[in-house]
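Below is the file data.cif, which contains mmCIF, C-alpha atoms and all ligand atoms.
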data_entry
loop_
_atom_site.label_atom_id
_atom_site.label_comp_id
_atom_site.auth_asym_id
_atom_site.auth_seq_id
_atom_site.Cartn_x
_atom_site.Cartn_y
_atom_site.Cartn_z
CA MET A 1 80.06 117.37 69.82
CA SER A 2 76.67 115.65 69.41
CA ILE A 3 75.24 113.15 71.89
CA MET A 4 76.42 109.64 71.00
CA ARG A 5 75.49 106.13 72.12
CA PHE A 6 77.65 103.02 72.60
CA SER A 7 75.52 99.84 73.00
CA VAL A 8 76.75 96.35 73.83
CA PRO A 9 75.11 93.33 75.53
CA ARG A 10 74.73 93.61 79.30
CA GLU A 11 76.74 90.43 79.85
CA ILE A 12 79.26 88.49 77.76
CA ILE A 13 79.97 85.02 79.16
CA TYR A 14 83.01 83.50 77.46
CA GLY A 15 85.59 80.74 77.55
CA GLU A 16 85.57 76.95 77.28
CA ASP A 17 82.39 75.36 78.64
CA SER A 18 80.64 78.72 79.07
CA LEU A 19 77.48 77.09 77.63
CA GLN A 20 77.01 75.89 81.24
CA HIS A 21 75.78 79.40 82.04
CA LEU A 22 72.36 78.31 80.76
CA SER A 23 71.89 76.21 83.91
CA THR A 24 72.07 79.34 86.11
CA LEU A 25 69.24 81.28 84.42
CA LYS A 26 66.14 82.29 86.33
CA GLY A 27 62.89 81.74 84.45
CA LYS A 28 60.13 79.31 83.44
CA LYS A 29 60.11 78.82 79.68
CA ALA A 30 62.62 79.19 76.84
CA ALA A 31 62.20 79.16 73.06
CA ILE A 32 65.39 77.82 71.48
CA VAL A 33 65.96 78.98 67.90
CA THR A 34 68.47 77.15 65.68
CA GLY A 35 69.37 76.43 62.05
CA GLY A 36 69.41 73.34 59.87
CA SER A 37 71.38 70.58 61.53
CA SER A 38 74.90 71.38 62.78
CA MET A 39 73.91 72.22 66.39
CA LYS A 40 71.81 69.03 66.62
CA LYS A 41 74.52 66.90 64.95
CA PHE A 42 77.29 68.06 67.29
CA GLY A 43 75.11 67.65 70.42
CA PHE A 44 74.91 71.33 71.43
CA LEU A 45 71.14 71.54 71.03
CA ASP A 46 70.48 68.59 73.37
CA LYS A 47 73.00 70.02 75.81
CA ALA A 48 71.24 73.41 75.82
CA VAL A 49 67.86 71.74 76.53
CA GLU A 50 69.42 69.73 79.35
CA LEU A 51 71.14 72.76 80.94
CA LEU A 52 67.91 74.76 80.82
CA LYS A 53 66.06 71.83 82.41
CA LYS A 54 68.63 71.89 85.22
CA ALA A 55 67.66 75.53 85.77
CA GLY A 56 63.98 74.45 85.96
CA ILE A 57 63.23 75.95 82.54
CA GLU A 58 60.98 74.11 80.07
CA SER A 59 61.92 74.64 76.42
CA ILE A 60 60.60 74.33 72.88
CA ILE A 61 62.80 74.15 69.79
CA ILE A 62 62.16 76.31 66.73
CA ASP A 63 64.56 74.81 64.19
CA GLY A 64 65.15 74.81 60.46
CA VAL A 65 66.19 78.46 60.11
CA GLU A 66 67.72 78.60 56.61
CA PRO A 67 70.94 80.46 55.62
CA ASN A 68 69.83 84.03 54.80
CA PRO A 69 66.58 83.66 56.82
CA SER A 70 63.32 84.66 55.16
CA VAL A 71 60.41 86.86 56.23
CA LYS A 72 58.22 83.74 56.24
CA THR A 73 60.52 81.97 58.73
CA VAL A 74 60.59 84.88 61.19
CA VAL A 75 56.83 85.47 61.05
CA ALA A 76 56.16 81.74 61.67
CA GLY A 77 58.69 81.70 64.54
CA GLY A 78 57.05 84.71 66.19
CA LYS A 79 53.70 82.86 66.13
CA LYS A 80 55.21 79.74 67.72
CA MET A 81 56.69 81.89 70.48
CA SER A 82 53.29 83.53 71.10
CA GLU A 83 51.67 80.08 71.53
CA PHE A 84 54.33 79.03 74.09
CA SER A 85 54.89 82.36 75.97
CA PRO A 86 58.60 82.00 76.84
CA ASP A 87 60.44 84.40 79.15
CA TRP A 88 63.78 83.63 77.46
CA ILE A 89 64.66 83.49 73.76
CA VAL A 90 67.80 81.36 73.30
CA ALA A 91 69.39 81.53 69.84
CA ILE A 92 72.10 78.98 69.09
CA GLY A 93 73.88 78.62 65.74
CA GLY A 94 75.35 80.75 62.95
CA GLY A 95 74.50 84.35 62.16
CA SER A 96 71.40 83.21 60.28
CA ALA A 97 69.81 81.52 63.33
CA LEU A 98 70.71 84.44 65.61
CA ASP A 99 69.36 87.06 63.18
CA ALA A 100 66.11 85.13 62.70
CA ALA A 101 65.62 84.74 66.47
CA LYS A 102 65.99 88.49 67.01
CA VAL A 103 63.14 89.31 64.62
CA MET A 104 60.95 86.40 65.85
CA TRP A 105 61.38 87.98 69.30
CA CYS A 106 60.12 91.35 67.93
CA PHE A 107 56.99 89.67 66.53
CA TYR A 108 56.43 87.78 69.80
CA GLU A 109 56.67 91.05 71.76
CA HIS A 110 54.47 92.91 69.23
CA PRO A 111 52.24 90.45 67.31
CA GLU A 112 50.33 93.34 65.72
CA LEU A 113 53.38 94.37 63.67
CA SER A 114 54.08 93.31 60.07
CA PHE A 115 57.58 92.96 58.57
CA GLU A 116 57.10 96.23 56.63
CA ASP A 117 56.45 98.04 59.94
CA ILE A 118 59.92 97.29 61.31
CA ILE A 119 61.99 98.07 58.18
CA PRO A 120 62.43 101.84 58.75
CA VAL A 121 65.28 102.66 61.14
CA GLY A 122 63.81 103.88 64.45
CA SER A 123 60.49 102.06 63.98
CA MET A 124 61.09 99.22 66.46
CA PRO A 125 59.01 99.55 69.64
CA ALA A 126 60.52 98.61 73.04
CA LEU A 127 61.31 94.91 73.55
CA ARG A 128 61.67 92.92 76.82
CA THR A 129 58.07 93.24 78.02
CA LYS A 130 57.69 89.45 77.58
CA ALA A 131 61.18 87.93 77.25
CA LYS A 132 64.92 88.54 77.30
CA MET A 133 67.38 87.25 74.75
CA ILE A 134 70.54 85.10 74.80
CA CYS A 135 72.67 84.55 71.70
CA ILE A 136 75.15 81.66 71.44
CA PRO A 137 77.12 81.92 68.15
CA SER A 138 78.54 78.83 66.43
CA THR A 139 80.52 80.77 63.82
CA SER A 140 83.20 83.36 64.62
CA GLY A 141 82.20 86.00 62.11
CA THR A 142 78.94 87.96 62.00
CA ALA A 143 78.88 89.00 65.71
CA SER A 144 75.09 88.97 65.61
CA GLU A 145 75.33 88.10 69.36
CA ILE A 146 76.59 91.66 69.90
CA THR A 147 74.96 93.78 67.24
CA ALA A 148 71.80 95.81 66.86
CA PHE A 149 71.31 94.30 63.39
CA SER A 150 69.44 91.44 61.79
CA VAL A 151 69.47 90.64 58.06
CA ILE A 152 66.22 89.14 56.76
CA THR A 153 65.50 88.26 53.12
CA ASP A 154 62.29 88.88 51.21
CA THR A 155 62.59 85.72 49.11
CA ASP A 156 59.71 86.68 46.77
CA ASN A 157 61.48 89.87 45.66
CA HIS A 158 65.12 88.78 46.30
CA ILE A 159 65.81 91.72 48.63
CA LYS A 160 67.89 91.54 51.84
CA TYR A 161 66.66 93.93 54.54
CA PRO A 162 68.92 95.03 57.38
CA ILE A 163 66.71 95.54 60.45
CA VAL A 164 68.34 97.94 62.92
CA ALA A 165 67.26 98.58 66.52
CA ALA A 166 69.34 99.24 69.65
CA ASP A 167 66.76 97.21 71.61
CA MET A 168 67.70 94.11 69.56
CA VAL A 169 71.18 93.99 71.12
CA PRO A 170 70.90 90.70 73.08
CA ASP A 171 70.90 90.71 76.90
CA ILE A 172 73.51 87.97 77.14
CA ALA A 173 76.08 86.63 74.65
CA ILE A 174 77.66 83.24 75.42
CA LEU A 175 80.97 82.67 73.60
CA ASP A 176 81.83 78.99 74.00
CA PRO A 177 84.70 78.06 71.61
CA ALA A 178 83.58 74.40 71.50
CA LEU A 179 80.85 75.45 69.02
CA PRO A 180 83.03 77.12 66.33
CA ALA A 181 85.61 74.33 66.80
CA CYS A 182 83.24 72.20 64.66
CA MET A 183 83.48 74.54 61.66
CA PRO A 184 85.26 73.12 58.59
CA PRO A 185 88.43 75.00 57.44
CA HIS A 186 86.87 76.97 54.57
CA ILE A 187 84.07 78.37 56.80
CA THR A 188 86.73 79.19 59.45
CA ALA A 189 88.74 81.10 56.82
CA ASN A 190 85.83 83.02 55.28
CA THR A 191 84.11 83.98 58.55
CA GLY A 192 87.50 84.85 60.09
CA MET A 193 88.34 87.27 57.28
CA ASP A 194 84.88 88.83 57.80
CA VAL A 195 86.05 89.58 61.38
CA PHE A 196 89.21 91.24 59.98
CA CYS A 197 87.02 93.28 57.63
CA HIS A 198 84.58 94.37 60.39
CA SER A 199 87.55 95.54 62.45
CA ILE A 200 89.46 97.50 59.79
CA GLU A 201 86.28 99.07 58.38
CA ALA A 202 85.02 100.09 61.85
CA PHE A 203 88.49 101.52 62.67
CA ALA A 204 88.66 103.58 59.45
CA SER A 205 84.94 104.52 59.55
CA THR A 206 84.00 108.19 59.70
CA ALA A 207 81.81 107.22 62.71
CA ALA A 208 84.71 105.61 64.66
CA THR A 209 85.21 106.92 68.21
CA SER A 210 87.48 106.38 71.21
CA PHE A 211 84.92 103.81 72.38
CA THR A 212 85.10 101.71 69.21
CA ASP A 213 88.80 101.96 68.19
CA PRO A 214 90.30 99.81 71.00
CA TYR A 215 87.94 96.91 70.21
CA ALA A 216 88.74 97.10 66.50
CA ILE A 217 92.51 97.11 67.04
CA GLU A 218 92.44 94.23 69.52
CA ALA A 219 90.27 92.16 67.15
CA LEU A 220 92.75 92.80 64.30
CA ARG A 221 95.66 91.74 66.50
CA LEU A 222 93.90 88.49 67.45
CA VAL A 223 92.87 87.62 63.87
CA ILE A 224 96.39 88.17 62.50
CA GLN A 225 97.83 85.90 65.19
CA TYR A 226 95.20 83.19 65.55
CA LEU A 227 93.17 82.82 62.32
CA PRO A 228 95.91 80.89 60.46
CA VAL A 229 96.24 78.59 63.50
CA ALA A 230 92.47 77.94 63.72
CA TYR A 231 92.41 77.29 59.95
CA LYS A 232 95.24 74.73 60.06
CA ASP A 233 94.23 73.08 63.32
CA GLY A 234 90.49 73.47 63.95
CA LYS A 235 90.68 71.74 67.34
CA ASN A 236 93.28 74.18 68.74
CA MET A 237 91.10 75.61 71.52
CA GLU A 238 93.42 78.52 72.28
CA ALA A 239 93.13 79.75 68.69
CA ARG A 240 89.36 79.07 68.59
CA THR A 241 88.84 80.98 71.85
CA HIS A 242 90.76 84.02 70.60
CA MET A 243 88.96 83.99 67.24
CA HIS A 244 85.54 83.68 68.92
CA ASN A 245 86.34 86.59 71.21
CA ALA A 246 87.79 88.59 68.30
CA SER A 247 84.51 88.24 66.41
CA SER A 248 82.56 89.76 69.32
CA LEU A 249 85.17 92.50 69.88
CA ALA A 250 84.88 93.45 66.21
CA GLY A 251 81.09 93.39 66.65
CA MET A 252 81.33 95.91 69.50
CA ALA A 253 83.28 98.18 67.16
CA PHE A 254 81.15 97.90 64.02
CA THR A 255 77.71 97.89 65.62
CA ASN A 256 78.61 101.33 67.00
CA ALA A 257 80.92 102.70 64.25
CA SER A 258 79.37 101.03 61.17
CA LEU A 259 81.35 99.72 58.18
CA GLY A 260 82.62 100.92 54.78
CA LEU A 261 83.10 100.29 51.09
CA VAL A 262 84.35 96.69 51.34
CA HIS A 263 80.97 95.63 52.74
CA SER A 264 79.12 97.74 50.10
CA LEU A 265 80.95 95.97 47.25
CA ALA A 266 80.77 92.53 48.92
CA HIS A 267 76.98 92.82 49.42
CA LYS A 268 76.39 93.50 45.73
CA ILE A 269 78.88 91.03 44.20
CA GLY A 270 77.40 88.47 46.63
CA GLY A 271 73.93 89.29 45.29
CA GLU A 272 75.03 88.96 41.62
CA PHE A 273 77.27 85.86 41.83
CA GLY A 274 76.38 84.13 45.13
CA VAL A 275 79.96 84.36 46.42
CA THR A 276 80.23 83.83 50.21
CA HIS A 277 80.24 87.10 52.17
CA GLY A 278 83.55 86.66 54.06
CA LEU A 279 85.33 85.43 50.93
CA ALA A 280 84.20 88.48 48.93
CA ASN A 281 85.41 90.75 51.75
CA ALA A 282 88.79 88.98 51.90
CA ILE A 283 89.37 89.46 48.16
CA LEU A 284 88.16 93.09 48.08
CA MET A 285 89.94 94.38 51.20
CA PRO A 286 93.50 95.04 49.90
CA TYR A 287 92.18 96.95 46.85
CA ILE A 288 89.90 99.14 48.96
CA ILE A 289 92.56 99.79 51.62
CA ASP A 290 94.88 100.97 48.81
CA PHE A 291 92.09 103.17 47.43
CA ASN A 292 91.02 104.60 50.82
CA ARG A 293 94.49 105.32 52.15
CA LYS A 294 94.62 108.83 50.65
CA PHE A 295 91.44 109.79 52.54
CA SER A 296 92.40 108.60 56.02
CA ASP A 297 95.41 108.37 58.33
CA LYS A 298 93.73 105.52 60.24
CA TYR A 299 95.48 102.83 58.15
CA ALA A 300 98.90 104.26 59.09
CA LEU A 301 97.74 104.39 62.72
CA ALA A 302 96.59 100.74 62.59
CA GLU A 303 99.97 99.74 61.08
CA LYS A 304 101.80 101.56 63.88
CA GLN A 305 99.67 99.97 66.62
CA LEU A 306 99.83 96.48 65.10
CA GLU A 307 103.50 96.83 64.15
CA VAL A 308 102.93 95.78 60.54
CA HIS A 309 104.46 97.44 57.50
CA ASP A 310 101.41 97.63 55.19
CA ILE A 311 97.95 96.46 56.32
CA ALA A 312 96.85 95.70 52.71
CA GLU A 313 99.89 93.43 52.42
CA THR A 314 98.94 91.80 55.77
CA VAL A 315 95.55 90.89 54.24
CA ARG A 316 97.23 89.44 51.11
CA GLU A 317 99.56 87.33 53.28
CA LEU A 318 96.61 86.08 55.37
CA ASN A 319 94.64 85.23 52.22
CA LYS A 320 97.58 83.17 50.93
CA LYS A 321 97.81 81.25 54.23
CA LEU A 322 94.04 80.59 54.10
CA ASP A 323 94.02 79.44 50.45
CA ILE A 324 91.87 82.45 49.49
CA PRO A 325 92.50 83.72 45.92
CA LEU A 326 93.83 87.27 45.47
CA CYS A 327 91.31 88.25 42.77
CA PHE A 328 87.80 87.20 41.68
CA LYS A 329 89.05 85.89 38.31
CA ASP A 330 90.95 83.15 40.19
CA CYS A 331 88.05 82.30 42.54
CA THR A 332 86.53 78.86 41.98
CA GLU A 333 83.77 78.94 44.64
CA VAL A 334 81.29 80.21 42.02
CA ASP A 335 81.48 80.71 38.26
CA PHE A 336 82.98 84.19 37.82
CA ASN A 337 83.00 84.26 34.04
CA GLU A 338 84.29 87.46 32.47
CA GLU A 339 81.34 87.97 30.15
CA LYS A 340 78.85 87.96 33.03
CA PHE A 341 81.15 90.17 35.12
CA LYS A 342 81.26 92.79 32.34
CA SER A 343 77.52 92.63 31.75
CA VAL A 344 76.57 93.30 35.40
CA LEU A 345 79.44 95.71 36.24
CA ASP A 346 77.60 99.02 35.72
CA ARG A 347 74.50 97.95 37.65
CA MET A 348 76.56 96.35 40.43
CA SER A 349 78.73 99.47 40.78
CA ALA A 350 75.72 101.81 41.05
CA ASN A 351 74.07 99.52 43.62
CA ALA A 352 77.26 99.20 45.70
CA HIS A 353 77.68 102.98 45.66
CA ALA A 354 74.14 103.32 47.06
CA ASP A 355 74.69 100.72 49.83
CA PRO A 356 74.31 102.26 53.34
CA CYS A 357 77.84 101.10 54.30
CA THR A 358 79.30 103.57 51.74
CA LEU A 359 78.10 106.46 53.95
CA THR A 360 80.77 105.88 56.62
CA ASN A 361 83.64 105.01 54.25
CA PRO A 362 86.58 107.39 54.58
CA GLY A 363 86.33 109.60 51.48
CA GLN A 364 83.24 109.49 49.27
CA PRO A 365 83.91 107.49 46.07
CA THR A 366 82.08 108.12 42.79
CA VAL A 367 80.29 105.31 40.92
CA ALA A 368 83.26 105.37 38.48
CA ASP A 369 85.63 104.76 41.44
CA VAL A 370 83.52 101.77 42.55
CA LYS A 371 83.64 100.35 39.01
CA MET A 372 87.42 100.82 38.87
CA ILE A 373 87.79 98.97 42.23
CA TYR A 374 85.60 96.06 41.02
CA GLU A 375 87.74 95.78 37.88
CA ALA A 376 90.99 95.86 39.85
CA ALA A 377 89.69 93.17 42.23
CA TYR A 378 88.45 91.04 39.33
CA TYR A 379 91.68 91.10 37.29
CA GLY A 380 94.10 91.48 40.22
CA THR A 381 95.56 94.86 39.22
CA LYS A 382 97.05 97.02 41.96
CA ILE A 383 95.39 100.35 42.80
CA LYS A 384 97.94 103.16 43.14
N1 LIG A 401 73.35 90.54 62.62
C1 LIG A 401 74.46 90.99 62.12
O1 LIG A 401 75.05 91.94 62.66
C2 LIG A 401 75.01 90.37 60.88
C3 LIG A 401 76.24 90.80 60.38
C4 LIG A 401 76.72 90.20 59.21
C5 LIG A 401 76.00 89.19 58.58
N2 LIG A 401 74.80 88.78 59.08
C6 LIG A 401 74.00 87.69 58.47
O2 LIG A 401 74.42 86.46 59.05
C7 LIG A 401 74.19 85.39 58.12
C8 LIG A 401 75.45 84.58 57.92
O3 LIG A 401 75.84 84.01 59.14
P1 LIG A 401 77.07 82.98 59.28
O4 LIG A 401 78.21 83.44 58.42
O5 LIG A 401 77.30 82.81 60.73
O6 LIG A 401 76.56 81.66 58.58
P2 LIG A 401 75.20 80.82 58.69
O7 LIG A 401 74.52 81.00 59.97
O8 LIG A 401 74.38 81.14 57.46
O9 LIG A 401 75.78 79.34 58.59
C9 LIG A 401 76.55 78.95 57.45
C10 LIG A 401 76.66 77.44 57.43
O10 LIG A 401 77.56 77.00 58.43
C11 LIG A 401 76.97 75.97 59.21
N3 LIG A 401 77.52 76.06 60.57
C12 LIG A 401 77.29 77.05 61.46
N4 LIG A 401 78.00 76.82 62.59
C13 LIG A 401 78.68 75.66 62.40
C14 LIG A 401 79.58 74.90 63.20
N5 LIG A 401 79.96 75.32 64.41
N6 LIG A 401 80.09 73.77 62.69
C15 LIG A 401 79.76 73.34 61.44
N7 LIG A 401 78.90 74.02 60.64
C16 LIG A 401 78.38 75.17 61.11
C17 LIG A 401 75.47 76.24 59.11
O11 LIG A 401 74.72 75.08 59.35
C18 LIG A 401 75.33 76.73 57.68
O12 LIG A 401 75.22 75.68 56.78
C19 LIG A 401 73.70 86.04 56.83
O13 LIG A 401 72.30 85.95 56.77
C20 LIG A 401 74.16 87.49 56.97
O14 LIG A 401 73.36 88.36 56.21
C21 LIG A 401 74.32 89.35 60.22
FE FE A 402 80.57 91.20 57.36
#
Could you write out this file's structure as structure tokens?
Amino acid sequence: MSIMRFSVPREIIYGEDSLQHLSTLKGKKAAIVTGGSSMKKFGFLDKAVELLKKAGIESIIIDGVEPNPSVKTVVAGGKKMSEFSPDWIVAIGGGSALDAAKVMWCFYEHPELSFEDIIPVGSMPALRTKAKMICIPSTSGTASEITAFSVITDTDNHIKYPIVAADMVPDIAILDPALPACMPPHITANTGMDVFCHSIEAFASTAATSFTDPYAIEALRLVIQYLPVAYKDGKNMEARTHMHNASSLAGMAFTNASLGLVHSLAHKIGGEFGVTHGLANAILMPYIIDFNRKFSDKYALAEKQLEVHDIAETVRELNKKLDIPLCFKDCTEVDFNEEKFKSVLDRMSANAHADPCTLTNPGQPTVADVKMIYEAAYYGTKIK
């Protein structure tokens, strides 16, 4: 057996009011990175500044990180950090803010680097010579607070780059359920189904191990039980706490075991039609589970451990409870017209087949298989 690595943050602080942990940090200066407005609007940004002040830490705010953060944003953020010289980077917000902060941190540590320098896997030099990193997620979905990944977009060329480096796993993750409790129901549903997808894909991945499987199964168990509750009653703190923890548990599984074909197809249909990531995953999952089943006994194992009859059917039932359509044809979030679908299908199928997530899918599909799955998920036909 080859030598393997399992990386997770050094500390995960969780539970109601865990944001308070900021007041116990040791340090002098913090750069707080956040998105557009939700953290300011709900008072979490001011609270973070105040808690850091209590710890004797002076802070600056780098705000305005856009959804799908751009190269420009992360380069500018790195420069602001260099001017201020913080010893802590504190990222607070959705996956976009957390991802942007991770790469700003790289440029602060190594101002001589360009974005092109850090694209190849294995190219990232050591971090933590100047600062350590804390991530405080406000959505329960991407698990950027756990992972070695950051997704940055080259807006000039419309390309999303996954940056991968074990050193980018944050030092501390703070999981305070008060933050995701402000999410509206449709974001709760979409990000929550992304957690389901991270878990089932990490569990069935060809890179899954005894270190990753328990996290994936526990995350699935929590999502099945608590996502419908959090969707119906956003202020139910028990459900929010379990969903926030589930997101990080799934992150511990997929950052180490990688993902599969659902993410490959979701990335490309998202690129073509602009459909939200978690929503695309939720629609695609049952079709791909049905397709993959013949290549892996992990679905039967998950069903046994979760005590469900058919995990693809579990996803369909969850989708119904969350008002998520069962096929793209019925999706109203974006305009999925049939003519456009047919005209992009070949290109989209070839691109999805080439996505890095396909590498760890159980069984290697052909481009024709990918096209058949897209068609089934568009029209709602069952894959046998
Ligand atoms: N690093 C990773 O491992 C990883 C994994 C998957 C995806 N991603 C990336 O993460 C990004 C998506 O992150 P996301 O799904 O968390 O969404 P996001 O950060 O883009 O935020 C989506 C929207 O929700 C709002 N929002 C966030 N938290 C809120 C709250 N508590 N209450 C009300 N509104 C809130 C934001 O203001 C924004 O408008 C993408 O760029 C994606 O590529 C990263
Ligand atoms: Fe995802």
Give one line per residue of chain A that approaches ligand LIG 401 (chain A) to at most 7 Å, naming the two atoms of the closest pair and their distance in Å to one decimal, counting only C-alpha atoms and all ligand atoms; sort by chain then ascending residue number and deliver it as a tab-separated table.
residue	atom	partner	partner_atom	distance
A:Gly35	CA	A:LIG401	O11	6.1
A:Gly36	CA	A:LIG401	O11	5.6
A:Ser37	CA	A:LIG401	O11	6.0
A:Ser38	CA	A:LIG401	O11	5.0
A:Pro67	CA	A:LIG401	O8	4.0
A:Asn68	CA	A:LIG401	O13	3.7
A:Pro69	CA	A:LIG401	O13	6.2
A:Gly93	CA	A:LIG401	N4	5.5
A:Gly94	CA	A:LIG401	O7	3.1
A:Gly95	CA	A:LIG401	O3	3.3
A:Ser96	CA	A:LIG401	O7	3.8
A:Ala97	CA	A:LIG401	O7	5.8
A:Asp99	CA	A:LIG401	N1	5.3
A:Ser138	CA	A:LIG401	N5	4.3
A:Thr139	CA	A:LIG401	N4	4.8
A:Gly141	CA	A:LIG401	O4	6.0
A:Thr142	CA	A:LIG401	C4	4.2
A:Ala143	CA	A:LIG401	O1	5.7
A:Ser144	CA	A:LIG401	N1	3.8
A:Thr147	CA	A:LIG401	O1	4.9
A:Ala148	CA	A:LIG401	O1	6.6
A:Phe149	CA	A:LIG401	N1	4.3
A:Ser150	CA	A:LIG401	N1	4.1
A:Val151	CA	A:LIG401	O14	4.9
A:Ile152	CA	A:LIG401	O13	6.9
A:Leu179	CA	A:LIG401	N5	4.7
A:Pro180	CA	A:LIG401	N5	4.0
A:Ala181	CA	A:LIG401	N5	6.2
A:Cys182	CA	A:LIG401	N6	4.0
A:Met183	CA	A:LIG401	N6	3.6
A:Pro184	CA	A:LIG401	C15	6.2
A:Ile187	CA	A:LIG401	O10	6.8
A:Thr191	CA	A:LIG401	O4	5.9
Identify, counting only C-alpha atoms and all ligand atoms, the protein, DNA and RNA residues located within 8 Å of ligand FE 402 (chain A), and give them as number ranges by chain. A: 141-142, 194-195, 197-198, 263, 277-278, 281
Residue neighbourhood segment 316-329 of chain A, 6 Å, only C-alpha atoms, exclusion window fewer than 4 positions, as JSON, numbers by chain: {"A": [189, 283, 377, 378, 379, 380]}
Give me, as a count of residues only, all polymer residues having an atom no more than 12 Å from Val229 of chain A, counting all atoms listed in the file and skipping those fewer than 2 positions away in the same chain. 27
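For segment 115-129 of chain A, the set of protein, DNA and RNA residues having any atom at most 7 Å away, when counting all atoms listed in the file and skipping those fewer than 5 positions along the same chain, is A:Cys106, A:Glu109, A:Ile163, A:Val164, A:Ala165, A:Asp167.
Counting from atom CA of Gln364 of chain A, the distance to atom CA of Ile288 of chain A is 12.3 Å.
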